[in-house]
>>> print(open('input03.cif').read())   # mmCIF, C-alpha atoms; chains and numbers go by the auth columns
data_query
#
loop_
_atom_site.group_PDB
_atom_site.id
_atom_site.type_symbol
_atom_site.label_atom_id
_atom_site.label_comp_id
_atom_site.label_asym_id
_atom_site.label_seq_id
_atom_site.Cartn_x
_atom_site.Cartn_y
_atom_site.Cartn_z
_atom_site.B_iso_or_equiv
_atom_site.auth_seq_id
_atom_site.auth_asym_id
ATOM 1 C CA MET A 1 -25.466 22.479 -74.426 0.00 579 A
ATOM 2 C CA GLY A 2 -25.543 24.539 -77.475 0.00 580 A
ATOM 3 C CA LYS A 3 -25.370 28.228 -78.194 0.00 581 A
ATOM 4 C CA ASP A 4 -29.122 28.449 -78.707 0.00 582 A
ATOM 5 C CA GLN A 5 -29.990 27.460 -75.122 0.00 583 A
ATOM 6 C CA PRO A 6 -27.227 28.647 -72.782 0.00 584 A
ATOM 7 C CA ASN A 7 -29.130 28.644 -69.401 0.00 585 A
ATOM 8 C CA GLN A 8 -31.500 25.720 -69.784 0.00 586 A
ATOM 9 C CA ALA A 9 -31.412 23.238 -66.912 0.00 587 A
ATOM 10 C CA VAL A 10 -30.740 19.691 -67.828 0.00 588 A
ATOM 11 C CA GLY A 11 -32.656 17.077 -65.865 0.00 589 A
ATOM 12 C CA THR A 12 -32.853 13.362 -65.759 0.00 590 A
ATOM 13 C CA PRO A 13 -36.049 11.437 -66.319 0.00 591 A
ATOM 14 C CA GLU A 14 -36.184 10.490 -62.613 0.00 592 A
ATOM 15 C CA GLU A 15 -35.724 14.097 -61.422 0.00 593 A
ATOM 16 C CA PRO A 16 -37.548 16.927 -63.121 0.00 594 A
ATOM 17 C CA ALA A 17 -35.477 19.915 -64.184 0.00 595 A
ATOM 18 C CA VAL A 18 -37.750 22.489 -62.443 0.00 596 A
ATOM 19 C CA LYS A 19 -39.079 21.892 -58.923 0.00 597 A
ATOM 20 C CA ALA A 20 -42.492 22.947 -57.726 0.00 598 A
ATOM 21 C CA ALA A 21 -42.639 26.309 -55.869 0.00 599 A
ATOM 22 C CA ASP A 22 -44.132 24.820 -52.687 0.00 600 A
ATOM 23 C CA ASP A 23 -41.682 21.927 -52.460 0.00 601 A
ATOM 24 C CA PRO A 24 -38.897 22.760 -49.944 0.00 602 A
ATOM 25 C CA GLY A 25 -36.711 19.980 -51.261 0.00 603 A
ATOM 26 C CA TYR A 26 -36.915 17.964 -48.041 0.00 604 A
ATOM 27 C CA GLU A 27 -39.635 16.379 -45.957 0.00 605 A
ATOM 28 C CA VAL A 28 -40.604 18.002 -42.609 0.00 606 A
ATOM 29 C CA PRO A 29 -41.328 15.355 -39.980 0.00 607 A
ATOM 30 C CA LYS A 30 -44.647 15.526 -38.135 0.00 608 A
ATOM 31 C CA ARG A 31 -42.788 15.694 -34.798 0.00 609 A
ATOM 32 C CA ALA A 32 -41.413 19.135 -35.746 0.00 610 A
ATOM 33 C CA TRP A 33 -44.964 20.499 -36.081 0.00 611 A
ATOM 34 C CA PHE A 34 -45.767 19.139 -32.628 0.00 612 A
ATOM 35 C CA VAL A 35 -42.687 20.871 -31.157 0.00 613 A
ATOM 36 C CA HIS A 36 -43.636 24.153 -32.846 0.00 614 A
ATOM 37 C CA GLY A 37 -47.170 23.861 -31.472 0.00 615 A
ATOM 38 C CA ALA A 38 -45.879 23.147 -27.960 0.00 616 A
ATOM 39 C CA ILE A 39 -43.639 26.229 -28.099 0.00 617 A
ATOM 40 C CA ILE A 40 -46.562 28.396 -29.182 0.00 618 A
ATOM 41 C CA VAL A 41 -48.736 27.027 -26.360 0.00 619 A
ATOM 42 C CA ALA A 42 -45.927 27.675 -23.830 0.00 620 A
ATOM 43 C CA PHE A 43 -45.645 31.303 -24.974 0.00 621 A
ATOM 44 C CA ALA A 44 -49.424 31.719 -24.759 0.00 622 A
ATOM 45 C CA LEU A 45 -49.443 30.345 -21.190 0.00 623 A
ATOM 46 C CA PHE A 46 -46.528 32.589 -20.210 0.00 624 A
ATOM 47 C CA PHE A 47 -48.198 35.751 -21.504 0.00 625 A
ATOM 48 C CA SER A 48 -51.546 34.824 -19.923 0.00 626 A
ATOM 49 C CA MET A 49 -49.825 34.407 -16.526 0.00 627 A
ATOM 50 C CA LEU A 50 -48.154 37.797 -16.970 0.00 628 A
ATOM 51 C CA MET A 51 -51.535 39.315 -17.760 0.00 629 A
ATOM 52 C CA LEU A 52 -53.139 37.752 -14.661 0.00 630 A
ATOM 53 C CA LEU A 53 -50.318 39.016 -12.425 0.00 631 A
ATOM 54 C CA TYR A 54 -50.671 42.515 -13.891 0.00 632 A
ATOM 55 C CA VAL A 55 -54.452 42.553 -13.337 0.00 633 A
ATOM 56 C CA ARG A 56 -53.996 41.455 -9.715 0.00 634 A
ATOM 57 C CA TRP A 57 -51.288 44.087 -9.158 0.00 635 A
ATOM 58 C CA VAL A 58 -53.386 46.904 -10.673 0.00 636 A
ATOM 59 C CA ASN A 59 -56.444 46.050 -8.567 0.00 637 A
ATOM 60 C CA SER A 60 -54.660 45.519 -5.237 0.00 638 A
ATOM 61 C CA PRO A 61 -55.006 48.327 -2.687 0.00 639 A
ATOM 62 C CA GLU A 62 -51.838 50.076 -1.629 0.00 640 A
ATOM 63 C CA PRO A 63 -51.132 50.733 2.039 0.00 641 A
ATOM 64 C CA THR A 64 -51.457 54.509 2.325 0.00 642 A
ATOM 65 C CA SER A 65 -52.421 54.777 6.006 0.00 643 A
ATOM 66 C CA THR A 66 -50.228 54.354 9.063 0.00 644 A
ATOM 67 C CA LEU A 67 -51.282 53.010 12.436 0.00 645 A
ATOM 68 C CA LEU A 68 -48.650 53.609 15.146 0.00 646 A
ATOM 69 C CA PHE A 69 -48.596 52.268 18.691 0.00 647 A
ATOM 70 C CA PHE A 70 -45.935 53.379 21.144 0.00 648 A
ATOM 71 C CA GLY A 71 -45.148 53.043 24.810 0.00 649 A
ATOM 72 C CA GLY A 72 -42.371 52.278 27.266 0.00 650 A
ATOM 73 C CA GLU A 73 -40.579 49.328 28.818 0.00 651 A
ATOM 74 C CA LYS A 74 -43.722 48.320 30.713 0.00 652 A
ATOM 75 C CA LEU A 75 -45.170 47.144 27.377 0.00 653 A
ATOM 76 C CA ASP A 76 -42.432 44.578 26.738 0.00 654 A
ATOM 77 C CA GLY A 77 -44.034 41.393 25.345 0.00 655 A
ATOM 78 C CA ILE A 78 -47.447 42.920 24.630 0.00 656 A
ATOM 79 C CA GLN A 79 -48.775 41.896 21.219 0.00 657 A
ATOM 80 C CA VAL A 80 -50.957 44.048 18.963 0.00 658 A
ATOM 81 C CA ASP A 81 -53.077 42.266 16.337 0.00 659 A
ATOM 82 C CA VAL A 82 -54.739 44.135 13.456 0.00 660 A
ATOM 83 C CA GLU A 83 -57.392 42.364 11.385 0.00 661 A
ATOM 84 C CA GLY A 84 -59.513 43.638 8.523 0.00 662 A
ATOM 85 C CA LEU A 85 -61.278 42.626 5.339 0.00 663 A
ATOM 86 C CA LYS A 86 -58.704 44.333 3.115 0.00 664 A
ATOM 87 C CA LEU A 87 -55.840 42.296 4.573 0.00 665 A
ATOM 88 C CA ASP A 88 -54.957 38.823 3.314 0.00 666 A
ATOM 89 C CA GLY A 89 -54.361 37.783 6.912 0.00 667 A
ATOM 90 C CA GLY A 90 -54.100 39.412 10.291 0.00 668 A
ATOM 91 C CA LEU A 91 -51.016 41.473 11.130 0.00 669 A
ATOM 92 C CA ASN A 92 -49.357 41.214 14.531 0.00 670 A
ATOM 93 C CA GLN A 93 -46.300 42.647 16.234 0.00 671 A
ATOM 94 C CA LYS A 94 -44.865 42.600 19.763 0.00 672 A
ATOM 95 C CA PHE A 95 -43.382 45.441 21.757 0.00 673 A
ATOM 96 C CA SER A 96 -39.680 44.947 22.507 0.00 674 A
ATOM 97 C CA ALA A 97 -36.469 46.893 22.955 0.00 675 A
ATOM 98 C CA ASP A 98 -35.529 45.917 19.379 0.00 676 A
ATOM 99 C CA ASN A 99 -38.347 48.017 17.921 0.00 677 A
ATOM 100 C CA GLN A 100 -37.891 50.750 20.573 0.00 678 A
ATOM 101 C CA TYR A 101 -41.397 50.001 21.872 0.00 679 A
ATOM 102 C CA ARG A 102 -42.958 51.346 18.671 0.00 680 A
ATOM 103 C CA LEU A 103 -45.185 49.314 16.364 0.00 681 A
ATOM 104 C CA ARG A 104 -46.033 50.591 12.888 0.00 682 A
ATOM 105 C CA PHE A 105 -48.702 49.067 10.658 0.00 683 A
ATOM 106 C CA LEU A 106 -49.042 50.207 7.032 0.00 684 A
ATOM 107 C CA LEU A 107 -52.642 49.615 5.964 0.00 685 A
ATOM 108 C CA PRO A 108 -54.933 50.324 3.028 0.00 686 A
ATOM 109 C CA PRO A 109 -57.908 52.548 3.908 0.00 687 A
ATOM 110 C CA GLY A 110 -60.722 50.658 5.628 0.00 688 A
ATOM 111 C CA ASN A 111 -62.102 49.367 8.923 0.00 689 A
ATOM 112 C CA TYR A 112 -59.907 47.283 11.217 0.00 690 A
ATOM 113 C CA VAL A 113 -60.223 45.504 14.550 0.00 691 A
ATOM 114 C CA VAL A 114 -57.304 46.003 16.949 0.00 692 A
ATOM 115 C CA ARG A 115 -56.666 43.397 19.633 0.00 693 A
ATOM 116 C CA ILE A 116 -54.101 43.987 22.404 0.00 694 A
ATOM 117 C CA MET A 117 -52.888 40.847 24.207 0.00 695 A
ATOM 118 C CA LYS A 118 -50.213 39.630 26.576 0.00 696 A
ATOM 119 C CA ASN A 119 -49.365 35.915 26.667 0.00 697 A
ATOM 120 C CA GLY A 120 -52.438 35.155 24.536 0.00 698 A
ATOM 121 C CA MET A 121 -54.854 36.854 26.942 0.00 699 A
ATOM 122 C CA PRO A 122 -56.634 40.048 25.865 0.00 700 A
ATOM 123 C CA ILE A 123 -55.699 43.092 27.914 0.00 701 A
ATOM 124 C CA LEU A 124 -58.260 45.464 26.419 0.00 702 A
ATOM 125 C CA ARG A 125 -61.491 44.795 24.588 0.00 703 A
ATOM 126 C CA ASP A 126 -61.336 44.693 20.790 0.00 704 A
ATOM 127 C CA THR A 127 -61.390 48.140 19.255 0.00 705 A
ATOM 128 C CA SER A 128 -62.627 49.136 15.819 0.00 706 A
ATOM 129 C CA ILE A 129 -60.511 51.685 13.952 0.00 707 A
ATOM 130 C CA THR A 130 -61.313 53.354 10.636 0.00 708 A
ATOM 131 C CA MET A 131 -58.310 54.325 8.513 0.00 709 A
ATOM 132 C CA ARG A 132 -58.749 56.982 5.839 0.00 710 A
ATOM 133 C CA ASP A 133 -56.605 57.378 2.732 0.00 711 A
ATOM 134 C CA GLY A 134 -53.302 59.032 3.603 0.00 712 A
ATOM 135 C CA ALA A 135 -54.157 59.403 7.300 0.00 713 A
ATOM 136 C CA GLY A 136 -52.127 58.274 10.272 0.00 714 A
ATOM 137 C CA GLN A 137 -53.237 57.437 13.783 0.00 715 A
ATOM 138 C CA GLU A 138 -51.037 57.222 16.868 0.00 716 A
ATOM 139 C CA TYR A 139 -51.878 55.503 20.140 0.00 717 A
ATOM 140 C CA ASP A 140 -49.889 55.747 23.378 0.00 718 A
ATOM 141 C CA LEU A 141 -50.547 52.314 24.838 0.00 719 A
ATOM 142 C CA GLY A 142 -48.676 53.120 28.032 0.00 720 A
ATOM 143 C CA HIS A 143 -51.208 55.858 28.764 0.00 721 A
ATOM 144 C CA ILE A 144 -54.159 53.735 27.605 0.00 722 A
ATOM 145 C CA LEU A 145 -53.187 50.752 29.745 0.00 723 A
ATOM 146 C CA MET A 146 -52.780 52.943 32.831 0.00 724 A
ATOM 147 C CA SER A 147 -56.247 54.436 32.331 0.00 725 A
ATOM 148 C CA SER A 148 -57.822 51.099 31.305 0.00 726 A
ATOM 149 C CA THR A 149 -58.571 50.184 34.914 0.00 727 A
ATOM 150 C CA THR A 150 -61.389 52.737 34.857 0.00 728 A
ATOM 151 C CA ALA A 151 -62.400 52.854 31.179 0.00 729 A
ATOM 152 C CA PRO A 152 -61.155 50.110 28.792 0.00 730 A
ATOM 153 C CA THR A 153 -61.414 51.997 25.519 0.00 731 A
ATOM 154 C CA THR A 154 -58.933 53.444 23.045 0.00 732 A
ATOM 155 C CA ARG A 155 -61.282 55.670 21.080 0.00 733 A
ATOM 156 C CA GLY A 156 -60.405 58.952 22.739 0.00 734 A
ATOM 157 C CA SER A 157 -56.680 58.325 23.019 0.00 735 A
ATOM 158 C CA GLY A 158 -55.750 58.374 19.357 0.00 736 A
ATOM 159 C CA SER A 159 -54.588 61.317 17.307 0.00 737 A
ATOM 160 C CA GLN A 160 -54.911 61.633 13.576 0.00 738 A
ATOM 161 C CA THR A 161 -52.276 63.171 11.356 0.00 739 A
ATOM 162 C CA GLN A 162 -52.501 63.970 7.711 0.00 740 A
#
>>> encode(input="input03.cif", output="structure tokens")
Amino acid sequence: MGKDQPNQAVGTPEEPAVKAADDPGYEVPKRAWFVHGAIIVAFALFFSMLMLLYVRWVNSPEPTSTLLFFGGEKLDGIQVDVEGLKLDGGLNQKFSADNQYRLRFLLPPGNYVVRIMKNGMPILRDTSITMRDGAGQEYDLGHILMSSTTAPTTRGSGSQTQ
């Protein structure tokens, strides 16, 4: 190198002195592009599943109403089933000393059918109950079952609280 050209790169005939701007200097295998694409697809699937879960969560009704059944030791083993269109499946609970003979159902507002059974046999006829937003209804099944010999209905025995 001389004094006239202090910073000039010296190259060989096989290798040019200046490389092209788009040449990284190494070859990227095609498999790496496939891996990058698979990672991008995995992220897209992950975020789409998150979006679907969020949409289902936002549109699902929250249980804002309470349906309470209570009674005494005479109700031991009696099962209460609650079914409605806004439930994924029917809800059922049994009276026992463990739950102090109190059954609580948290429900979204709507219409429900209540079925009271002992050993799989219905004790009372099915009853339709309408739950309003934020309302609670209480039923004394001990009183209802004692009066069911004359009139098997639960419509007049409930009290609403708000």
>>> residues_around(input="input03.cif", residues="A:Ser674", least_positions_apart="4", cutoff="8 Å", atoms="all atoms listed in the file", output="mmCIF file with C-alpha atoms, in the frame of the given file")
data_model
loop_
_atom_site.group_PDB
_atom_site.id
_atom_site.type_symbol
_atom_site.label_atom_id
_atom_site.label_comp_id
_atom_site.auth_asym_id
_atom_site.auth_seq_id
_atom_site.Cartn_x
_atom_site.Cartn_y
_atom_site.Cartn_z
ATOM 1 C CA GLU A 651 -40.579 49.328 28.818
ATOM 2 C CA LEU A 653 -45.170 47.144 27.377
ATOM 3 C CA ASP A 654 -42.432 44.578 26.738
ATOM 4 C CA GLY A 655 -44.034 41.393 25.345
ATOM 5 C CA GLN A 678 -37.891 50.750 20.573
ATOM 6 C CA TYR A 679 -41.397 50.001 21.872
#
>>> atom_distance(input="input03.cif", atom1="atom CA of A:Ile656", atom2="atom CA of A:Ala675")
11.8 Å
>>> residues_around(input="input03.cif", residues="stretch 685-696 of chain A", least_positions_apart="4", cutoff="9 Å", atoms="all atoms listed in the file", output="ChimeraX atom specification")
/A:639-645,655-665,700-713
>>> closest_residue(input="input03.cif", among="A:Gly603, A:Ala620, A:Asn697, A:Lys672", to="A:Phe648", atoms="only C-alpha atoms")
A:Lys672
>>> atom_distance(input="input03.cif", atom1="atom CA of A:Tyr632", atom2="atom CA of A:Asp666")
18.1 Å
>>> residues_near_point(input="input03.cif", point="(-44.4, 47.8, 12.8)", cutoff="9 Å", atoms="all atoms listed in the file", output="PyMOL selection string")
chain A and resi 645-647+670-672+677+680-684
>>> atom_distance(input="input03.cif", atom1="atom CA of A:Glu605", atom2="atom CA of A:Ala622")
27.9 Å
>>> closest_residue(input="input03.cif", among="A:Gly698, A:Gly650, A:Gly615, A:Gly667", to="A:Ile722", atoms="only C-alpha atoms")
A:Gly650
>>> decode(input="input03.cif", residues="stretch 609-621 of chain A", atoms="all heavy atoms", output="mmCIF file, in the first residue's frame")
data_model
loop_
_atom_site.group_PDB
_atom_site.id
_atom_site.type_symbol
_atom_site.label_atom_id
_atom_site.label_comp_id
_atom_site.auth_asym_id
_atom_site.auth_seq_id
_atom_site.Cartn_x
_atom_site.Cartn_y
_atom_site.Cartn_z
ATOM 1 N N ARG A 609 -34.393 -24.797 5.743
ATOM 2 C CA ARG A 609 -35.027 -25.324 6.948
ATOM 3 C C ARG A 609 -35.244 -24.222 7.978
ATOM 4 O O ARG A 609 -36.233 -24.225 8.711
ATOM 5 C CB ARG A 609 -34.164 -26.436 7.529
ATOM 6 C CG ARG A 609 -34.785 -27.084 8.732
ATOM 7 C CD ARG A 609 -33.963 -28.214 9.222
ATOM 8 N NE ARG A 609 -32.650 -27.726 9.629
ATOM 9 C CZ ARG A 609 -31.665 -28.486 10.025
ATOM 10 N NH1 ARG A 609 -31.816 -29.794 10.031
ATOM 11 N NH2 ARG A 609 -30.522 -27.985 10.388
ATOM 12 N N ALA A 610 -34.356 -23.242 8.042
ATOM 13 C CA ALA A 610 -34.508 -22.135 8.994
ATOM 14 C C ALA A 610 -35.753 -21.320 8.672
ATOM 15 O O ALA A 610 -36.459 -20.878 9.582
ATOM 16 C CB ALA A 610 -33.270 -21.249 8.977
ATOM 17 N N TRP A 611 -36.067 -21.135 7.401
ATOM 18 C CA TRP A 611 -37.276 -20.384 7.031
ATOM 19 C C TRP A 611 -38.525 -21.156 7.436
ATOM 20 O O TRP A 611 -39.519 -20.587 7.867
ATOM 21 C CB TRP A 611 -37.307 -20.098 5.532
ATOM 22 C CG TRP A 611 -36.226 -19.140 5.124
ATOM 23 C CD1 TRP A 611 -35.143 -19.424 4.349
ATOM 24 C CD2 TRP A 611 -36.110 -17.779 5.505
ATOM 25 N NE1 TRP A 611 -34.361 -18.312 4.202
ATOM 26 C CE2 TRP A 611 -34.939 -17.275 4.912
ATOM 27 C CE3 TRP A 611 -36.857 -16.921 6.290
ATOM 28 C CZ2 TRP A 611 -34.510 -15.975 5.079
ATOM 29 C CZ3 TRP A 611 -36.437 -15.619 6.460
ATOM 30 C CH2 TRP A 611 -35.275 -15.157 5.854
ATOM 31 N N PHE A 612 -38.459 -22.481 7.323
ATOM 32 C CA PHE A 612 -39.582 -23.312 7.754
ATOM 33 C C PHE A 612 -39.793 -23.195 9.270
ATOM 34 O O PHE A 612 -40.918 -23.085 9.738
ATOM 35 C CB PHE A 612 -39.335 -24.778 7.359
ATOM 36 C CG PHE A 612 -40.401 -25.703 7.848
ATOM 37 C CD1 PHE A 612 -41.641 -25.747 7.230
ATOM 38 C CD2 PHE A 612 -40.174 -26.521 8.946
ATOM 39 C CE1 PHE A 612 -42.634 -26.590 7.684
ATOM 40 C CE2 PHE A 612 -41.168 -27.364 9.407
ATOM 41 C CZ PHE A 612 -42.399 -27.404 8.773
ATOM 42 N N VAL A 613 -38.723 -23.208 10.039
ATOM 43 C CA VAL A 613 -38.814 -23.079 11.496
ATOM 44 C C VAL A 613 -39.387 -21.708 11.860
ATOM 45 O O VAL A 613 -40.264 -21.608 12.722
ATOM 46 C CB VAL A 613 -37.434 -23.318 12.155
ATOM 47 C CG1 VAL A 613 -37.466 -22.968 13.632
ATOM 48 C CG2 VAL A 613 -36.995 -24.753 11.953
ATOM 49 N N HIS A 614 -38.930 -20.673 11.205
ATOM 50 C CA HIS A 614 -39.458 -19.323 11.469
ATOM 51 C C HIS A 614 -40.957 -19.264 11.152
ATOM 52 O O HIS A 614 -41.735 -18.678 11.906
ATOM 53 C CB HIS A 614 -38.696 -18.281 10.644
ATOM 54 C CG HIS A 614 -37.307 -18.044 11.117
ATOM 55 N ND1 HIS A 614 -36.919 -16.878 11.726
ATOM 56 C CD2 HIS A 614 -36.216 -18.841 11.088
ATOM 57 C CE1 HIS A 614 -35.642 -16.956 12.045
ATOM 58 N NE2 HIS A 614 -35.188 -18.139 11.654
ATOM 59 N N GLY A 615 -41.347 -19.868 10.049
ATOM 60 C CA GLY A 615 -42.766 -19.883 9.680
ATOM 61 C C GLY A 615 -43.602 -20.660 10.695
ATOM 62 O O GLY A 615 -44.709 -20.256 11.055
ATOM 63 N N ALA A 616 -43.078 -21.775 11.180
ATOM 64 C CA ALA A 616 -43.802 -22.573 12.172
ATOM 65 C C ALA A 616 -43.961 -21.803 13.481
ATOM 66 O O ALA A 616 -45.018 -21.867 14.126
ATOM 67 C CB ALA A 616 -43.081 -23.889 12.415
ATOM 68 N N ILE A 617 -42.960 -21.053 13.869
ATOM 69 C CA ILE A 617 -43.053 -20.234 15.088
ATOM 70 C C ILE A 617 -44.110 -19.149 14.921
ATOM 71 O O ILE A 617 -44.910 -18.903 15.825
ATOM 72 C CB ILE A 617 -41.672 -19.641 15.439
ATOM 73 C CG1 ILE A 617 -40.732 -20.755 15.907
ATOM 74 C CG2 ILE A 617 -41.797 -18.564 16.497
ATOM 75 C CD1 ILE A 617 -39.297 -20.323 16.085
ATOM 76 N N ILE A 618 -44.149 -18.528 13.780
ATOM 77 C CA ILE A 618 -45.150 -17.485 13.520
ATOM 78 C C ILE A 618 -46.557 -18.081 13.542
ATOM 79 O O ILE A 618 -47.486 -17.505 14.130
ATOM 80 C CB ILE A 618 -44.843 -16.772 12.182
ATOM 81 C CG1 ILE A 618 -43.570 -15.936 12.320
ATOM 82 C CG2 ILE A 618 -46.016 -15.912 11.737
ATOM 83 C CD1 ILE A 618 -43.040 -15.386 11.018
ATOM 84 N N VAL A 619 -46.737 -19.242 12.944
ATOM 85 C CA VAL A 619 -48.049 -19.902 12.952
ATOM 86 C C VAL A 619 -48.444 -20.279 14.382
ATOM 87 O O VAL A 619 -49.603 -20.121 14.779
ATOM 88 C CB VAL A 619 -48.042 -21.136 12.022
ATOM 89 C CG1 VAL A 619 -49.271 -21.999 12.236
ATOM 90 C CG2 VAL A 619 -47.940 -20.703 10.576
ATOM 91 N N ALA A 620 -47.504 -20.752 15.191
ATOM 92 C CA ALA A 620 -47.799 -21.114 16.582
ATOM 93 C C ALA A 620 -48.256 -19.891 17.371
ATOM 94 O O ALA A 620 -49.211 -19.965 18.151
ATOM 95 C CB ALA A 620 -46.575 -21.758 17.230
ATOM 96 N N PHE A 621 -47.582 -18.756 17.190
ATOM 97 C CA PHE A 621 -48.003 -17.527 17.862
ATOM 98 C C PHE A 621 -49.392 -17.097 17.400
ATOM 99 O O PHE A 621 -50.220 -16.668 18.208
ATOM 100 C CB PHE A 621 -46.997 -16.393 17.622
ATOM 101 C CG PHE A 621 -45.857 -16.396 18.591
ATOM 102 C CD1 PHE A 621 -44.569 -16.591 18.145
ATOM 103 C CD2 PHE A 621 -46.074 -16.198 19.940
ATOM 104 C CE1 PHE A 621 -43.507 -16.595 19.029
ATOM 105 C CE2 PHE A 621 -45.030 -16.199 20.832
ATOM 106 C CZ PHE A 621 -43.729 -16.396 20.381
#
